[in-house]
$ cat model.csv   # CSV, C-alpha atoms
chain,number,residue,atom,x,y,z
A,1,MET,CA,84.8,105.3,130.2
A,2,SER,CA,82.2,107.2,128.1
A,3,ARG,CA,83.6,110.0,125.9
A,4,GLY,CA,81.1,112.2,127.6
A,5,PHE,CA,83.3,112.2,130.7
A,6,VAL,CA,86.5,113.2,128.9
A,7,LYS,CA,87.6,116.9,128.9
A,8,GLU,CA,87.3,118.4,125.5
A,9,GLU,CA,91.0,119.3,125.3
A,10,ASP,CA,91.9,115.7,126.0
A,11,GLN,CA,89.9,114.4,123.0
A,12,GLU,CA,92.2,113.5,120.1
A,13,GLU,CA,91.2,113.5,116.5
A,14,ALA,CA,91.8,110.4,114.5
A,15,PRO,CA,94.9,111.1,112.3
A,16,PHE,CA,94.5,111.4,108.6
A,17,ILE,CA,96.3,108.6,106.8
A,18,PRO,CA,96.9,109.4,103.1
A,19,PRO,CA,95.6,106.6,100.9
A,20,ARG,CA,97.9,104.6,98.6
A,21,ALA,CA,97.5,104.6,94.8
A,22,ALA,CA,94.0,103.4,93.8
A,23,LEU,CA,93.6,99.7,93.1
A,24,PRO,CA,90.0,98.9,92.2
A,25,PRO,CA,88.3,96.1,94.1
A,26,GLY,CA,88.9,92.7,92.5
A,27,VAL,CA,92.0,93.8,90.5
A,28,THR,CA,95.1,91.8,91.2
A,29,ASN,CA,98.0,93.9,92.7
A,30,TYR,CA,100.7,93.1,90.1
A,31,VAL,CA,104.2,94.4,91.0
A,32,THR,CA,107.6,94.0,89.4
A,33,PRO,CA,110.4,92.5,91.5
A,34,GLN,CA,111.8,96.0,91.8
A,35,GLY,CA,108.4,97.4,92.9
A,36,HIS,CA,108.1,94.7,95.6
A,37,LYS,CA,111.6,95.5,96.8
A,38,GLN,CA,110.6,99.2,97.0
A,39,LEU,CA,107.5,98.3,99.1
A,40,ILE,CA,109.6,96.3,101.5
A,41,GLU,CA,112.1,99.2,101.8
A,42,GLU,CA,109.3,101.7,102.4
A,43,ARG,CA,108.0,99.6,105.2
A,44,GLU,CA,111.5,99.3,106.8
A,45,ALA,CA,111.9,103.1,106.5
A,46,LEU,CA,108.5,103.6,108.3
A,47,GLU,CA,109.4,101.1,111.0
A,48,LYS,CA,112.7,102.9,111.6
A,49,GLU,CA,111.0,106.3,111.6
A,50,ARG,CA,108.6,105.0,114.3
A,51,LYS,CA,111.4,103.6,116.4
A,52,GLU,CA,113.4,106.8,116.2
A,53,LEU,CA,110.5,109.2,117.0
A,54,ASP,CA,111.9,112.0,119.2
A,55,ILE,CA,108.8,113.8,120.4
A,56,SER,CA,108.5,114.8,124.0
A,57,SER,CA,104.7,115.5,124.1
A,58,ASP,CA,102.7,112.3,124.7
A,59,LYS,CA,99.8,113.5,122.6
A,60,ASP,CA,102.1,114.4,119.7
A,61,ARG,CA,104.0,111.1,120.0
A,62,ARG,CA,100.7,109.1,120.0
A,63,HIS,CA,99.5,111.1,116.9
A,64,ALA,CA,102.8,110.6,115.0
A,65,THR,CA,102.8,106.9,115.9
A,66,ALA,CA,99.2,106.4,114.8
A,67,VAL,CA,100.0,108.0,111.4
A,68,ILE,CA,103.0,105.8,110.9
A,69,ASP,CA,101.1,102.7,112.1
A,70,GLY,CA,98.3,103.5,109.7
A,71,LYS,CA,100.7,103.9,106.8
A,72,ILE,CA,102.4,100.6,107.7
A,73,ASN,CA,99.0,98.8,107.8
A,74,LEU,CA,98.1,100.1,104.3
A,75,LEU,CA,101.5,99.1,103.1
A,76,ASN,CA,101.3,95.6,104.6
A,77,GLU,CA,98.0,95.1,102.8
A,78,ARG,CA,99.7,96.0,99.5
A,79,ILE,CA,102.7,93.8,100.2
A,80,ASN,CA,100.5,90.8,101.3
A,81,SER,CA,98.3,91.2,98.2
A,82,ALA,CA,101.2,91.7,95.8
A,83,ARG,CA,101.6,89.2,92.9
A,84,ILE,CA,105.1,89.6,91.6
A,85,LEU,CA,105.4,89.2,87.8
A,86,GLU,CA,108.9,88.8,86.5
A,87,PRO,CA,109.1,91.0,83.3
A,88,LYS,CA,111.6,88.5,81.6
A,89,GLU,CA,109.0,85.8,81.9
A,90,GLN,CA,106.4,87.7,79.8
A,91,ALA,CA,105.8,87.2,76.1
A,92,GLN,CA,108.8,89.1,74.7
A,93,ASP,CA,107.1,89.9,71.3
A,94,GLU,CA,104.2,91.9,72.7
A,95,VAL,CA,103.5,94.6,75.3
A,96,ARG,CA,102.8,93.1,78.7
A,97,PHE,CA,103.3,94.0,82.3
A,98,GLY,CA,106.9,95.0,83.0
A,99,ALA,CA,107.6,96.0,79.4
A,100,ARG,CA,109.3,99.2,78.4
A,101,VAL,CA,107.4,100.4,75.3
A,102,LYS,CA,108.7,102.9,72.8
A,103,PHE,CA,106.0,104.4,70.6
A,104,ARG,CA,105.4,107.3,68.2
A,105,PHE,CA,102.3,109.5,68.1
A,106,LEU,CA,100.7,109.2,64.6
A,107,THR,CA,98.0,111.8,65.3
A,108,GLY,CA,97.1,114.5,67.7
A,109,PRO,CA,99.1,117.5,69.0
A,110,GLN,CA,102.2,115.4,69.6
A,111,LYS,CA,102.2,113.9,66.1
A,112,GLY,CA,105.7,112.5,65.3
A,113,LYS,CA,106.9,112.7,68.9
A,114,GLU,CA,108.4,109.5,70.4
A,115,GLN,CA,108.0,108.4,74.0
A,116,SER,CA,108.9,105.5,76.1
A,117,PHE,CA,107.2,104.1,79.2
A,118,MET,CA,107.5,101.1,81.4
A,119,ILE,CA,104.3,99.4,82.5
A,120,VAL,CA,104.4,98.7,86.3
A,121,GLY,CA,102.3,98.3,89.4
A,122,VAL,CA,100.2,101.1,90.8
A,123,ASP,CA,102.5,101.7,93.8
A,124,GLU,CA,105.6,102.0,91.6
A,125,ALA,CA,104.1,104.2,88.9
A,126,ASN,CA,106.0,107.5,88.5
A,127,ILE,CA,105.5,109.6,85.4
A,128,LYS,CA,108.8,111.4,86.0
A,129,ALA,CA,110.6,108.1,85.9
A,130,GLN,CA,108.6,107.1,82.8
A,131,LYS,CA,106.7,104.4,84.6
A,132,ILE,CA,102.9,104.1,84.2
A,133,ALA,CA,100.5,101.9,86.1
A,134,PHE,CA,99.1,98.9,84.2
A,135,LEU,CA,95.6,100.3,85.0
A,136,ALA,CA,96.3,103.6,83.1
A,137,PRO,CA,94.4,104.1,79.9
A,138,LEU,CA,97.7,104.4,77.9
A,139,ALA,CA,99.0,101.1,79.4
A,140,LYS,CA,95.7,99.3,78.6
A,141,ALA,CA,95.8,100.6,75.0
A,142,LEU,CA,99.4,99.4,74.5
A,143,THR,CA,99.0,96.0,76.2
A,144,GLY,CA,98.9,93.1,73.8
A,145,LYS,CA,100.3,95.1,70.9
A,146,LYS,CA,103.4,94.1,68.9
A,147,ILE,CA,106.1,96.1,67.2
A,148,GLY,CA,104.6,97.9,64.2
A,149,GLU,CA,101.0,97.7,65.4
A,150,ILE,CA,98.8,100.7,66.1
A,151,ALA,CA,97.2,101.4,69.5
A,152,GLU,CA,94.4,103.9,69.9
A,153,VAL,CA,93.9,105.8,73.2
A,154,GLN,CA,91.8,108.7,74.3
A,155,MET,CA,94.2,111.4,75.3
A,156,GLY,CA,93.6,115.1,75.7
A,157,GLY,CA,90.0,114.8,74.8
A,158,GLU,CA,90.6,113.1,71.4
A,159,LEU,CA,91.4,109.7,70.1
A,160,GLN,CA,95.1,109.4,69.3
A,161,GLU,CA,97.0,106.7,67.4
A,162,LEU,CA,100.3,105.4,68.5
A,163,GLU,CA,102.7,103.1,66.6
A,164,ILE,CA,104.7,100.6,68.7
A,165,LEU,CA,108.4,101.0,67.8
A,166,ALA,CA,110.1,98.8,70.4
A,167,ILE,CA,109.4,96.5,73.3
A,168,THR,CA,112.1,95.6,75.8
A,169,TYR,CA,112.1,93.7,79.1
A,170,SER,CA,114.9,94.2,81.6

$ encode --input "model.csv" --output "structure tokens"
Amino acid sequence: MSRGFVKEEDQEEAPFIPPRAALPPGVTNYVTPQGHKQLIEEREALEKERKELDISSDKDRRHATAVIDGKINLLNERINSARILEPKEQAQDEVRFGARVKFRFLTGPQKGKEQSFMIVGVDEANIKAQKIAFLAPLAKALTGKKIGEIAEVQMGGELQELEILAITYS
């Protein structure tokens, strides 16, 4: 039936599905084993949420189901494109995907401050948990460096130097 014959109040808007973390076209979706596990758990939680929807209005139920289904579809794309990299299988003497890197700021407003981050996939990045995506400028600057080497990264509008203090893989 043509949309022209549907009452205006019966027309439903397409739900907004929030996008996942950006992954540029052509870039491999690297994930740690833990990150892959989190994606699977997220999908299971969404499937459970869909199954347990307790909404009496048909329109509201359809909308909620469409949102959940949209999230599951995006999540399935990420899971299907995931390439799991085991951190312990990386070169242990240099910064690679899955490494926890401890470094010291040699220049800039944080001069002398030490920080530590783990380099992870885009879906598992969480700054509060000290995890940064492998696509982040800081991760790119640190990747390939060894203990004692200096990395340069544009931060806060200026070029800053960072000294690699430790590299661990867990």

$ closest_residue --input "model.csv" --among "A:Gly35, A:Pro15, A:Gly121, A:Ala129" --to "Arg62 of chain A" --atoms "only C-alpha atoms"
A:Pro15

$ closest_atom_pairs --input "model.csv" --of "segment 22-51 of chain A" --to "segment 131-145 of chain A" --cutoff "10 Å" --atoms "only C-alpha atoms" --output "JSON lines"
{"residue": "A:Ala22", "atom": "CA", "partner": "A:Leu135", "partner_atom": "CA", "distance": 9.5}
{"residue": "A:Leu23", "atom": "CA", "partner": "A:Leu135", "partner_atom": "CA", "distance": 8.4}
{"residue": "A:Pro24", "atom": "CA", "partner": "A:Leu135", "partner_atom": "CA", "distance": 9.2}
{"residue": "A:Val27", "atom": "CA", "partner": "A:Leu135", "partner_atom": "CA", "distance": 9.2}
{"residue": "A:Asn29", "atom": "CA", "partner": "A:Phe134", "partner_atom": "CA", "distance": 9.9}
{"residue": "A:Tyr30", "atom": "CA", "partner": "A:Phe134", "partner_atom": "CA", "distance": 8.4}
{"residue": "A:Val31", "atom": "CA", "partner": "A:Phe134", "partner_atom": "CA", "distance": 9.6}

$ residues_near_point --input "model.csv" --point "(107.4, 102.3, 83.5)" --cutoff "6 Å" --atoms "all atoms listed in the file" --output "list in words"
Phe117, Met118, Ile119, Val120, Gln130, Lys131 and Ile132 of chain A

$ atom_distance --input "model.csv" --atom1 "atom CA of Ala66 of chain A" --atom2 "atom CA of Pro25 of chain A"
25.6 Å

$ closest_residue --input "model.csv" --among "A:Thr168, A:Gln115, A:Gln34, A:Thr107" --to "Gly156 of chain A" --atoms "only C-alpha atoms"
A:Thr107

$ closest_residue --input "model.csv" --among "A:Ile55, A:Ala45, A:Leu106, A:Ile150" --to "Ile68 of chain A" --atoms "all atoms listed in the file"
A:Ala45

$ atom_distance --input "model.csv" --atom1 "atom CA of Glu149 of chain A" --atom2 "atom CA of Lys113 of chain A"
16.5 Å

$ atom_distance --input "model.csv" --atom1 "atom CA of Lys111 of chain A" --atom2 "atom CA of Val95 of chain A"
21.4 Å

$ closest_residue --input "model.csv" --among "A:Thr65, A:Asn76, A:Ser81, A:Gln92" --to "Tyr169 of chain A" --atoms "all atoms listed in the file"
A:Gln92

$ closest_residue --input "model.csv" --among "A:Arg20, A:Arg96, A:Arg104, A:Lys88" --to "Ile72 of chain A" --atoms "only C-alpha atoms"
A:Arg20

$ residues_around --input "model.csv" --residues "Val67 of chain A" --least-positions-apart "5" --cutoff "10 Å" --atoms "all atoms listed in the file" --output "PyMOL selection string"
chain A and resi 14-18+50+61-62+72-73

$ residues_near_point --input "model.csv" --point "(105.8, 108.2, 69.2)" --cutoff "12 Å" --atoms "all atoms listed in the file" --output "list in words"
Val101, Lys102, Phe103, Arg104, Phe105, Leu106, Thr107, Gly108, Pro109, Gln110, Lys111, Gly112, Lys113, Glu114, Gln115, Ser116, Phe117, Gly148, Ile150, Ala151, Gln160, Glu161, Leu162, Glu163, Ile164, Leu165 and Ala166 of chain A

$ closest_residue --input "model.csv" --among "A:Val153, A:Lys37, A:Glu47, A:Thr32" --to "Gln90 of chain A" --atoms "only C-alpha atoms"
A:Thr32

$ decode --input "model.csv" --residues "segment 22-46 of chain A" --atoms "N, CA and C atoms" --output "PDB file, in the first residue's frame"
ATOM      1  N   ALA A  22      34.149   4.684  15.399  1.00  0.00           N
ATOM      2  CA  ALA A  22      34.557   4.811  13.996  1.00  0.00           C
ATOM      3  C   ALA A  22      35.692   3.856  13.649  1.00  0.00           C
ATOM      4  N   LEU A  23      35.540   3.204  12.514  1.00  0.00           N
ATOM      5  CA  LEU A  23      36.573   2.347  11.949  1.00  0.00           C
ATOM      6  C   LEU A  23      36.643   2.711  10.471  1.00  0.00           C
ATOM      7  N   PRO A  24      37.685   3.430  10.050  1.00  0.00           N
ATOM      8  CA  PRO A  24      37.762   3.887   8.655  1.00  0.00           C
ATOM      9  C   PRO A  24      37.665   2.739   7.657  1.00  0.00           C
ATOM     10  N   PRO A  25      37.114   3.015   6.480  1.00  0.00           N
ATOM     11  CA  PRO A  25      37.009   1.981   5.445  1.00  0.00           C
ATOM     12  C   PRO A  25      38.385   1.395   5.119  1.00  0.00           C
ATOM     13  N   GLY A  26      38.424   0.089   4.988  1.00  0.00           N
ATOM     14  CA  GLY A  26      39.674  -0.577   4.622  1.00  0.00           C
ATOM     15  C   GLY A  26      40.594  -0.886   5.781  1.00  0.00           C
ATOM     16  N   VAL A  27      40.262  -0.420   6.985  1.00  0.00           N
ATOM     17  CA  VAL A  27      41.105  -0.678   8.146  1.00  0.00           C
ATOM     18  C   VAL A  27      40.639  -1.972   8.808  1.00  0.00           C
ATOM     19  N   THR A  28      41.579  -2.852   9.103  1.00  0.00           N
ATOM     20  CA  THR A  28      41.258  -4.125   9.742  1.00  0.00           C
ATOM     21  C   THR A  28      40.737  -3.874  11.150  1.00  0.00           C
ATOM     22  N   ASN A  29      39.693  -4.597  11.521  1.00  0.00           N
ATOM     23  CA  ASN A  29      39.078  -4.464  12.841  1.00  0.00           C
ATOM     24  C   ASN A  29      39.810  -5.372  13.832  1.00  0.00           C
ATOM     25  N   TYR A  30      40.959  -4.916  14.316  1.00  0.00           N
ATOM     26  CA  TYR A  30      41.726  -5.694  15.287  1.00  0.00           C
ATOM     27  C   TYR A  30      41.042  -5.631  16.644  1.00  0.00           C
ATOM     28  N   VAL A  31      41.001  -6.777  17.325  1.00  0.00           N
ATOM     29  CA  VAL A  31      40.477  -6.847  18.682  1.00  0.00           C
ATOM     30  C   VAL A  31      41.339  -7.789  19.504  1.00  0.00           C
ATOM     31  N   THR A  32      41.398  -7.532  20.793  1.00  0.00           N
ATOM     32  CA  THR A  32      42.070  -8.462  21.695  1.00  0.00           C
ATOM     33  C   THR A  32      41.092  -9.596  22.000  1.00  0.00           C
ATOM     34  N   PRO A  33      41.567 -10.731  22.511  1.00  0.00           N
ATOM     35  CA  PRO A  33      40.636 -11.798  22.889  1.00  0.00           C
ATOM     36  C   PRO A  33      39.582 -11.291  23.889  1.00  0.00           C
ATOM     37  N   GLN A  34      39.999 -10.457  24.830  1.00  0.00           N
ATOM     38  CA  GLN A  34      39.060  -9.902  25.812  1.00  0.00           C
ATOM     39  C   GLN A  34      38.046  -8.992  25.124  1.00  0.00           C
ATOM     40  N   GLY A  35      38.493  -8.204  24.160  1.00  0.00           N
ATOM     41  CA  GLY A  35      37.591  -7.322  23.423  1.00  0.00           C
ATOM     42  C   GLY A  35      36.574  -8.112  22.623  1.00  0.00           C
ATOM     43  N   HIS A  36      36.997  -9.225  22.029  1.00  0.00           N
ATOM     44  CA  HIS A  36      36.078 -10.089  21.272  1.00  0.00           C
ATOM     45  C   HIS A  36      35.039 -10.682  22.218  1.00  0.00           C
ATOM     46  N   LYS A  37      35.488 -11.105  23.374  1.00  0.00           N
ATOM     47  CA  LYS A  37      34.576 -11.664  24.379  1.00  0.00           C
ATOM     48  C   LYS A  37      33.538 -10.611  24.789  1.00  0.00           C
ATOM     49  N   GLN A  38      33.970  -9.368  24.956  1.00  0.00           N
ATOM     50  CA  GLN A  38      33.054  -8.295  25.331  1.00  0.00           C
ATOM     51  C   GLN A  38      32.014  -8.048  24.240  1.00  0.00           C
ATOM     52  N   LEU A  39      32.415  -8.128  22.981  1.00  0.00           N
ATOM     53  CA  LEU A  39      31.461  -7.957  21.879  1.00  0.00           C
ATOM     54  C   LEU A  39      30.399  -9.057  21.901  1.00  0.00           C
ATOM     55  N   ILE A  40      30.819 -10.285  22.135  1.00  0.00           N
ATOM     56  CA  ILE A  40      29.890 -11.417  22.199  1.00  0.00           C
ATOM     57  C   ILE A  40      28.925 -11.235  23.375  1.00  0.00           C
ATOM     58  N   GLU A  41      29.468 -10.818  24.523  1.00  0.00           N
ATOM     59  CA  GLU A  41      28.626 -10.595  25.706  1.00  0.00           C
ATOM     60  C   GLU A  41      27.637  -9.455  25.474  1.00  0.00           C
ATOM     61  N   GLU A  42      28.067  -8.422  24.767  1.00  0.00           N
ATOM     62  CA  GLU A  42      27.177  -7.307  24.445  1.00  0.00           C
ATOM     63  C   GLU A  42      26.023  -7.784  23.564  1.00  0.00           C
ATOM     64  N   ARG A  43      26.334  -8.630  22.573  1.00  0.00           N
ATOM     65  CA  ARG A  43      25.288  -9.165  21.701  1.00  0.00           C
ATOM     66  C   ARG A  43      24.303 -10.012  22.504  1.00  0.00           C
ATOM     67  N   GLU A  44      24.825 -10.858  23.390  1.00  0.00           N
ATOM     68  CA  GLU A  44      23.952 -11.696  24.220  1.00  0.00           C
ATOM     69  C   GLU A  44      23.040 -10.842  25.095  1.00  0.00           C
ATOM     70  N   ALA A  45      23.575  -9.759  25.640  1.00  0.00           N
ATOM     71  CA  ALA A  45      22.775  -8.867  26.483  1.00  0.00           C
ATOM     72  C   ALA A  45      21.665  -8.201  25.668  1.00  0.00           C
ATOM     73  N   LEU A  46      21.974  -7.792  24.440  1.00  0.00           N
ATOM     74  CA  LEU A  46      20.954  -7.180  23.579  1.00  0.00           C
ATOM     75  C   LEU A  46      19.874  -8.194  23.191  1.00  0.00           C
TER      76      LEU A  46
END
